[in-house]
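Below: upload15.cif (mmCIF, C-alpha atoms and all ligand atoms)
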data_data
#
loop_
_atom_site.label_atom_id
_atom_site.label_comp_id
_atom_site.auth_asym_id
_atom_site.auth_seq_id
_atom_site.Cartn_x
_atom_site.Cartn_y
_atom_site.Cartn_z
CA MET A 1 21.00 -9.89 25.14
CA ILE A 2 21.09 -13.56 24.23
CA ARG A 3 24.62 -14.86 24.48
CA THR A 4 24.28 -18.37 23.12
CA PRO A 5 26.84 -19.64 20.57
CA LEU A 6 24.05 -19.93 17.98
CA ILE A 7 23.01 -16.29 18.30
CA THR A 8 26.66 -15.19 18.17
CA VAL A 9 27.10 -17.03 14.85
CA MET A 10 23.91 -15.57 13.39
CA THR A 11 24.70 -12.06 14.60
CA GLN A 12 28.19 -12.05 13.09
CA ALA A 13 26.89 -13.35 9.76
CA VAL A 14 24.05 -10.83 9.35
CA ARG A 15 26.21 -7.90 10.47
CA LYS A 16 28.89 -8.79 7.92
CA ALA A 17 26.34 -9.13 5.11
CA GLY A 18 24.78 -5.87 6.31
CA ARG A 19 28.05 -3.96 5.82
CA ALA A 20 28.16 -5.15 2.20
CA LEU A 21 24.54 -4.14 1.59
CA ILE A 22 25.11 -0.68 3.05
CA ARG A 23 28.03 -0.06 0.67
CA ASP A 24 25.93 -1.19 -2.30
CA PHE A 25 22.91 0.82 -1.19
CA GLY A 26 25.07 3.95 -1.46
CA GLU A 27 25.73 3.09 -5.13
CA VAL A 28 22.06 2.32 -5.80
CA GLU A 29 21.08 5.79 -4.61
CA GLN A 30 23.41 7.23 -7.29
CA LEU A 31 22.09 4.89 -9.98
CA GLN A 32 18.45 6.08 -9.65
CA VAL A 33 19.04 8.79 -12.24
CA SER A 34 20.58 6.49 -14.85
CA ARG A 35 18.24 5.35 -17.66
CA LYS A 36 19.09 1.70 -17.24
CA GLY A 37 18.46 1.86 -13.52
CA PRO A 38 20.16 -0.19 -10.85
CA ALA A 39 18.43 -3.58 -11.43
CA ASP A 40 21.49 -5.63 -12.42
CA PHE A 41 23.56 -3.98 -9.75
CA VAL A 42 20.95 -4.89 -7.12
CA SER A 43 20.85 -8.56 -8.19
CA ALA A 44 24.62 -8.66 -7.80
CA ALA A 45 24.39 -7.04 -4.34
CA ASP A 46 21.74 -9.57 -3.34
CA ARG A 47 23.91 -12.53 -4.42
CA LYS A 48 27.00 -11.04 -2.78
CA ALA A 49 25.17 -10.72 0.56
CA GLU A 50 23.96 -14.31 0.25
CA ASP A 51 27.51 -15.53 -0.48
CA ILE A 52 28.71 -13.84 2.72
CA LEU A 53 25.92 -15.47 4.75
CA PHE A 54 26.55 -18.88 3.21
CA THR A 55 30.30 -18.67 3.87
CA GLU A 56 29.93 -17.46 7.45
CA LEU A 57 27.15 -19.84 8.46
CA SER A 58 28.70 -22.92 6.86
CA ARG A 59 32.06 -22.17 8.43
CA ALA A 60 30.45 -22.03 11.90
CA ARG A 61 28.05 -24.97 11.40
CA PRO A 62 29.55 -27.15 8.62
CA ASN A 63 26.84 -29.83 8.81
CA TYR A 64 23.71 -27.71 8.63
CA SER A 65 21.53 -27.58 5.52
CA PHE A 66 20.50 -24.40 3.70
CA ASN A 67 17.39 -23.06 1.99
CA MET A 68 18.39 -19.79 0.34
CA GLU A 69 16.37 -17.48 -1.86
CA GLU A 70 19.06 -17.09 -4.52
CA ARG A 71 21.03 -20.36 -4.48
CA GLY A 72 18.18 -22.62 -3.44
CA LYS A 73 18.68 -25.70 -1.28
CA VAL A 74 22.04 -27.06 -0.20
CA GLU A 75 21.76 -30.33 1.71
CA GLY A 76 24.12 -30.72 4.65
CA THR A 77 24.87 -33.92 6.53
CA ASP A 78 22.48 -32.63 9.21
CA PRO A 79 19.07 -32.28 7.51
CA GLU A 80 17.36 -31.56 10.85
CA ASN A 81 18.97 -28.13 11.05
CA GLU A 82 18.30 -25.83 8.13
CA TRP A 83 19.33 -22.21 7.69
CA VAL A 84 16.59 -20.37 5.83
CA VAL A 85 18.15 -17.30 4.29
CA ASP A 86 16.89 -14.14 2.63
CA PRO A 87 19.96 -11.99 1.96
CA LEU A 88 17.86 -8.96 1.01
CA ASP A 89 14.24 -8.73 2.08
CA GLY A 90 12.74 -5.57 0.65
CA THR A 91 14.39 -5.74 -2.77
CA THR A 92 11.95 -3.31 -4.34
CA ASN A 93 12.70 -0.75 -1.62
CA PHE A 94 16.46 -1.26 -2.06
CA LEU A 95 16.14 -0.93 -5.83
CA HIS A 96 14.29 2.36 -5.46
CA GLY A 97 16.65 3.82 -2.88
CA ILE A 98 14.11 3.43 -0.07
CA PRO A 99 16.06 2.70 3.13
CA MET A 100 13.79 -0.05 4.45
CA PHE A 101 15.18 -3.55 3.93
CA ALA A 102 16.71 -6.35 5.96
CA ILE A 103 18.73 -9.52 6.02
CA SER A 104 16.79 -12.44 7.41
CA VAL A 105 18.35 -15.65 8.71
CA GLY A 106 16.17 -18.26 10.35
CA LEU A 107 17.16 -21.60 11.77
CA VAL A 108 14.49 -24.26 11.27
CA ARG A 109 15.03 -27.30 13.49
CA ASN A 110 13.04 -30.46 12.74
CA GLY A 111 10.69 -28.43 10.57
CA MET A 112 9.96 -25.83 13.29
CA PRO A 113 11.27 -22.26 13.47
CA TYR A 114 13.95 -22.34 16.19
CA ALA A 115 15.96 -19.11 15.96
CA GLY A 116 15.96 -15.92 13.94
CA ALA A 117 18.07 -12.87 13.16
CA ILE A 118 16.64 -9.97 11.19
CA TYR A 119 19.02 -7.09 10.60
CA ASN A 120 18.11 -3.66 9.25
CA PRO A 121 21.57 -2.30 8.45
CA ILE A 122 20.44 1.26 7.74
CA ALA A 123 18.85 1.68 11.17
CA ASP A 124 21.42 -0.66 12.74
CA GLU A 125 18.55 -2.60 14.29
CA LEU A 126 19.17 -6.26 14.99
CA PHE A 127 16.18 -8.37 16.00
CA ILE A 128 17.17 -11.75 17.41
CA ALA A 129 15.44 -14.65 19.09
CA GLU A 130 16.09 -18.22 20.03
CA ARG A 131 13.50 -20.63 21.41
CA GLY A 132 13.18 -20.24 25.15
CA GLN A 133 15.61 -17.30 25.26
CA GLY A 134 13.32 -14.36 24.47
CA ALA A 135 13.46 -11.85 21.65
CA TYR A 136 15.63 -8.75 21.55
CA LEU A 137 16.14 -5.59 19.54
CA ASN A 138 19.82 -4.85 20.01
CA ASP A 139 20.04 -4.96 23.83
CA ARG A 140 16.37 -4.46 24.58
CA ARG A 141 13.97 -7.30 25.40
CA LEU A 142 10.95 -7.32 23.12
CA ARG A 143 7.30 -7.73 23.89
CA VAL A 144 4.37 -7.56 21.46
CA ALA A 145 1.92 -4.68 21.91
CA ALA A 146 -0.79 -5.24 24.50
CA ARG A 147 -3.69 -3.45 22.77
CA GLN A 148 -6.90 -5.43 23.04
CA LYS A 149 -9.21 -3.60 20.63
CA LEU A 150 -8.88 -3.65 16.86
CA ALA A 151 -10.08 -0.05 16.81
CA ASP A 152 -6.82 0.98 18.54
CA CYS A 153 -4.54 -1.11 16.33
CA VAL A 154 -2.07 -0.23 13.59
CA VAL A 155 -2.07 -3.23 11.29
CA CYS A 156 0.55 -4.01 8.67
CA CYS A 157 -0.24 -6.05 5.57
CA GLY A 158 1.30 -7.31 2.37
CA LEU A 159 -0.06 -5.84 -0.83
CA PRO A 160 -0.10 -8.03 -3.93
CA HIS A 161 1.08 -6.22 -7.03
CA MET A 162 1.43 -6.92 -10.75
CA GLY A 163 1.68 -10.66 -11.33
CA ARG A 164 1.51 -11.58 -7.64
CA GLY A 165 -1.23 -13.00 -5.42
CA ASP A 166 -5.03 -13.02 -5.55
CA HIS A 167 -5.95 -9.35 -5.90
CA ALA A 168 -9.69 -9.88 -5.51
CA GLN A 169 -9.26 -11.80 -2.28
CA PHE A 170 -6.82 -9.24 -0.89
CA ASN A 171 -9.19 -6.40 -1.75
CA ARG A 172 -12.00 -8.14 0.12
CA GLU A 173 -9.74 -8.67 3.13
CA LEU A 174 -8.58 -5.09 3.04
CA ARG A 175 -12.15 -3.85 2.93
CA VAL A 176 -13.20 -5.75 6.06
CA VAL A 177 -10.05 -4.83 8.01
CA GLN A 178 -9.80 -1.16 7.08
CA ARG A 179 -13.23 -0.41 8.53
CA GLN A 180 -12.20 -1.63 11.96
CA VAL A 181 -8.62 -0.51 12.65
CA ALA A 182 -6.81 2.70 13.57
CA GLY A 183 -4.29 2.49 10.74
CA LEU A 184 -2.89 0.31 7.96
CA ARG A 185 0.74 0.10 6.79
CA ARG A 186 2.76 -1.65 4.07
CA THR A 187 6.56 -1.56 4.40
CA GLY A 188 7.86 -3.84 1.63
CA SER A 189 9.81 -6.18 3.90
CA ALA A 190 7.90 -9.07 5.43
CA ALA A 191 10.85 -9.88 7.72
CA LEU A 192 10.76 -6.39 9.18
CA ASP A 193 6.96 -6.51 9.40
CA LEU A 194 7.22 -9.51 11.73
CA ALA A 195 10.12 -7.96 13.65
CA TRP A 196 8.05 -4.81 14.16
CA VAL A 197 5.11 -6.85 15.48
CA ALA A 198 7.53 -8.38 17.98
CA ALA A 199 8.71 -4.88 18.91
CA GLY A 200 5.12 -3.69 19.48
CA ARG A 201 5.37 -1.11 16.67
CA PHE A 202 2.71 -2.90 14.65
CA ASP A 203 -0.17 -4.53 16.50
CA ALA A 204 -0.58 -7.14 13.78
CA PHE A 205 0.66 -8.27 10.38
CA TRP A 206 -0.93 -10.44 7.75
CA GLU A 207 0.21 -11.44 4.29
CA ARG A 208 -0.40 -14.37 1.96
CA GLY A 209 1.89 -16.16 -0.45
CA LEU A 210 5.20 -15.57 1.32
CA ALA A 211 8.28 -17.76 0.95
CA PRO A 212 9.90 -19.59 3.90
CA TRP A 213 12.89 -17.20 3.85
CA ASP A 214 10.56 -14.19 4.29
CA ILE A 215 9.17 -15.50 7.58
CA ALA A 216 11.35 -18.26 9.09
CA ALA A 217 13.32 -15.84 11.28
CA GLY A 218 10.38 -13.56 12.09
CA LEU A 219 8.16 -16.36 13.36
CA THR A 220 10.60 -17.11 16.18
CA VAL A 221 11.08 -13.41 16.94
CA VAL A 222 7.30 -12.90 17.27
CA ARG A 223 6.83 -16.05 19.34
CA GLU A 224 9.63 -15.18 21.74
CA ALA A 225 8.14 -11.69 22.14
CA GLY A 226 4.93 -13.35 23.36
CA GLY A 227 3.06 -13.11 20.04
CA PHE A 228 0.89 -15.62 18.21
CA SER A 229 1.21 -16.60 14.55
CA SER A 230 -0.87 -18.84 12.32
CA ASP A 231 -1.85 -19.21 8.71
CA MET A 232 -5.29 -18.01 7.61
CA SER A 233 -6.99 -21.22 8.64
CA GLY A 234 -5.64 -20.81 12.15
CA GLN A 235 -3.09 -23.60 11.82
CA GLU A 236 0.62 -23.27 12.40
CA LYS A 237 1.52 -24.27 8.84
CA MET A 238 2.91 -20.87 7.88
CA LEU A 239 6.14 -22.24 6.40
CA LYS A 240 4.11 -24.58 4.17
CA THR A 241 1.21 -22.34 3.16
CA GLY A 242 3.18 -19.08 2.99
CA ASP A 243 0.27 -17.30 4.67
CA VAL A 244 0.84 -15.60 8.00
CA LEU A 245 -1.07 -13.62 10.60
CA SER A 246 0.80 -12.44 13.71
CA ALA A 247 -0.31 -10.40 16.73
CA ASN A 248 -0.93 -10.72 20.45
CA GLU A 249 -3.35 -13.48 21.42
CA VAL A 250 -6.52 -11.35 21.49
CA ILE A 251 -5.85 -9.37 18.32
CA HIS A 252 -4.73 -12.53 16.53
CA ARG A 253 -8.04 -14.22 17.38
CA ASP A 254 -10.17 -11.20 16.40
CA LEU A 255 -8.32 -10.50 13.16
CA LEU A 256 -8.40 -14.16 12.12
CA ARG A 257 -12.16 -14.17 12.64
CA LEU A 258 -12.52 -10.94 10.68
CA LEU A 259 -10.33 -12.09 7.78
CA LYS A 260 -12.42 -15.25 7.49
CA THR A 261 -15.51 -13.09 6.83
CA ALA A 262 -13.80 -11.86 3.64
CA GLY A 263 -14.41 -15.28 2.08
CA PRO A 264 -12.13 -17.78 0.36
CA ALA A 265 -9.95 -17.39 -2.72
CA GLU A 266 -11.74 -17.62 -6.09
CA ALA A 267 -11.48 -21.00 -7.73
C1 LIG A 301 9.34 -9.54 -0.51
C2 LIG A 301 9.07 -8.70 0.72
C3 LIG A 301 7.70 -8.07 0.63
C4 LIG A 301 6.61 -9.11 0.41
C5 LIG A 301 6.93 -9.96 -0.80
C6 LIG A 301 8.31 -10.60 -0.66
P1 LIG A 301 11.89 -9.74 -1.38
O1 LIG A 301 10.63 -10.17 -0.42
O2 LIG A 301 9.15 -9.46 1.88
O3 LIG A 301 7.38 -7.35 1.80
O4 LIG A 301 5.38 -8.46 0.21
O5 LIG A 301 5.95 -10.95 -0.95
O6 LIG A 301 8.58 -11.38 -1.82
O7 LIG A 301 11.51 -10.10 -2.77
O8 LIG A 301 12.07 -8.29 -1.21
O9 LIG A 301 12.98 -10.58 -0.83
CA CA A 302 11.91 -11.80 0.84
CA CA A 303 15.05 -11.36 -1.14
#

Let me see whether you can do it: turn the structure in this file into structure tokens.
Ligand code: IPD
Ligand code: CA
Ligand code: CA
Amino acid sequence: MIRTPLITVMTQAVRKAGRALIRDFGEVEQLQVSRKGPADFVSAADRKAEDILFTELSRARPNYSFNMEERGKVEGTDPENEWVVDPLDGTTNFLHGIPMFAISVGLVRNGMPYAGAIYNPIADELFIAERGQGAYLNDRRLRVAARQKLADCVVCCGLPHMGRGDHAQFNRELRVVQRQVAGLRRTGSAALDLAWVAAGRFDAFWERGLAPWDIAAGLTVVREAGGFSSDMSGQEKMLKTGDVLSANEVIHRDLLRLLKTAGPAEA
């Protein structure tokens, strides 16, 4: 376990928000059969979880800034430390009663991912990492998978849907990757995708067009588990571009090369 004051603060905040989400998820399961569906209820649950995170984190670190999915940016007197918060990553899953979602809290220090907490409240799995301290799943130290051949790898990806992303480009990427790997997955929570790369469950993950709150926490978790992350041009500008590819060093290199063969986005 990491027992730094920072990790203690993050852990308490995500666990508290997780308890609220679990209660609301129980309601959502009931609401599936109603004609109107649970959409409004889910937006309220999302905002409630974010309120809890905002209250807890600002009480513990009153000067830090925030970048939150729902409320947006809140400037603190310390702009060098920014909490990047997704109170519910995997909204579509949550809305449909699929128990695969997480709370993601990253700390970005001087523009670089510094610490992360990703909490799956249904599985009670807490992924945490702080620079130089390693990455953990609950009490267990994490290490990315060691597989060296794409043919042995289970690779997770995003999947652009109605109104999102460049479908043609994704389809080209999918085509080149699916021929070479042992399996492909799509979970619906980018934060958990990164956490699962860190845990060695997925050998790699790539997705384009993500927001900082989807990945800020996960980037530190992957890094501290010995993994490599970049955007699709191989640079470490993931928070700016929103594109991310994570894996161990060898698979990261091979997959980056392979994805480049799919060609650029259409103008
Ligand atoms: C989404 C999830 C999903 C990813 C989407 C994100 P949300 O976040 O991370 O896996 O494919 O691009 O927007 O909306 O559930 O917080
Ligand atoms: Ca998200
Ligand atoms: Ca969200």

Could you name the residues that touch Lys73 in chain A at 12 Å or less, counting all atoms listed in the file, but leaving out those on the same chain fewer than 5 positions away, as a PyMOL selection string?
chain A and resi 54+64-68+79+82-85+212-213

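A straight line drawn from CA of Phe228 in chain A to CA of Gly134 in chain A is 14.0 Å long.
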
* To do: Give as a PyMOL selection string the residues surrounding ligand CA 303 (chain A) up to a distance of 9 Å, considering only C-alpha atoms and all ligand atoms.
  => chain A and resi 46+69-70+85-91+102-104+189+213-214

Tell me which protein, DNA and RNA residues are within 9 Å of Asn120 in chain A, counting only C-alpha atoms, leaving out same-chain ones fewer than 6 positions away, and put them as a PyMOL selection string.
chain A and resi 18+100-103+126-127+192

Please, could you write that set of residues out with C-alpha atoms as a PDB file, in the coordinates of the input?
ATOM      1  CA  GLY A  18      24.780  -5.870   6.310  1.00  0.00           C
ATOM      2  CA  MET A 100      13.790  -0.050   4.450  1.00  0.00           C
ATOM      3  CA  PHE A 101      15.180  -3.550   3.930  1.00  0.00           C
ATOM      4  CA  ALA A 102      16.710  -6.350   5.960  1.00  0.00           C
ATOM      5  CA  ILE A 103      18.730  -9.520   6.020  1.00  0.00           C
ATOM      6  CA  LEU A 126      19.170  -6.260  14.990  1.00  0.00           C
ATOM      7  CA  PHE A 127      16.180  -8.370  16.000  1.00  0.00           C
ATOM      8  CA  LEU A 192      10.760  -6.390   9.180  1.00  0.00           C
TER       9      LEU A 192
END

For ligand LIG 301 (chain A), the closest of A:Val28, A:Ala191, A:Val14, A:Ala135 counting all atoms listed in the file is A:Ala191

Work out how far CA of Gly132 in chain A is from CA of Thr4 in chain A, in Å to one decimal.
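Between these atoms lies a distance of 11.4 Å.
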
By how many Å are CA of Ser229 in chain A and CA of Ala217 in chain A apart?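 Rounded to one decimal, the two atoms are 12.6 Å apart.
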
- Task: Select, from A:Arg140, A:Arg131, A:Lys149, A:His167, the residue with the minimum atom-to-atom distance to Leu219 in chain A, counting all atoms listed in the file.
- Result: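 Smallest distance to Leu219 in chain A is found for A:Arg131.
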
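In this comparison, which uses only C-alpha atoms, the residue of A:Arg59, A:Arg71, A:His161, A:Lys240 approaching Gly188 in chain A most closely is A:His161.
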
With 6 Å as the threshold, what does the neighbourhood of (2.1, -6.9, 12.6) contain in terms of residues, counting all atoms listed in the file? Coordinates are those of the file; answer as a PDB file with C-alpha atoms, keeping the file's coordinate frame.
ATOM      1  CA  VAL A 155      -2.070  -3.230  11.290  1.00  0.00           C
ATOM      2  CA  CYS A 156       0.550  -4.010   8.670  1.00  0.00           C
ATOM      3  CA  ASP A 193       6.960  -6.510   9.400  1.00  0.00           C
ATOM      4  CA  LEU A 194       7.220  -9.510  11.730  1.00  0.00           C
ATOM      5  CA  VAL A 197       5.110  -6.850  15.480  1.00  0.00           C
ATOM      6  CA  PHE A 202       2.710  -2.900  14.650  1.00  0.00           C
ATOM      7  CA  ASP A 203      -0.170  -4.530  16.500  1.00  0.00           C
ATOM      8  CA  ALA A 204      -0.580  -7.140  13.780  1.00  0.00           C
ATOM      9  CA  PHE A 205       0.660  -8.270  10.380  1.00  0.00           C
ATOM     10  CA  SER A 246       0.800 -12.440  13.710  1.00  0.00           C
ATOM     11  CA  ALA A 247      -0.310 -10.400  16.730  1.00  0.00           C
TER      12      ALA A 247
END
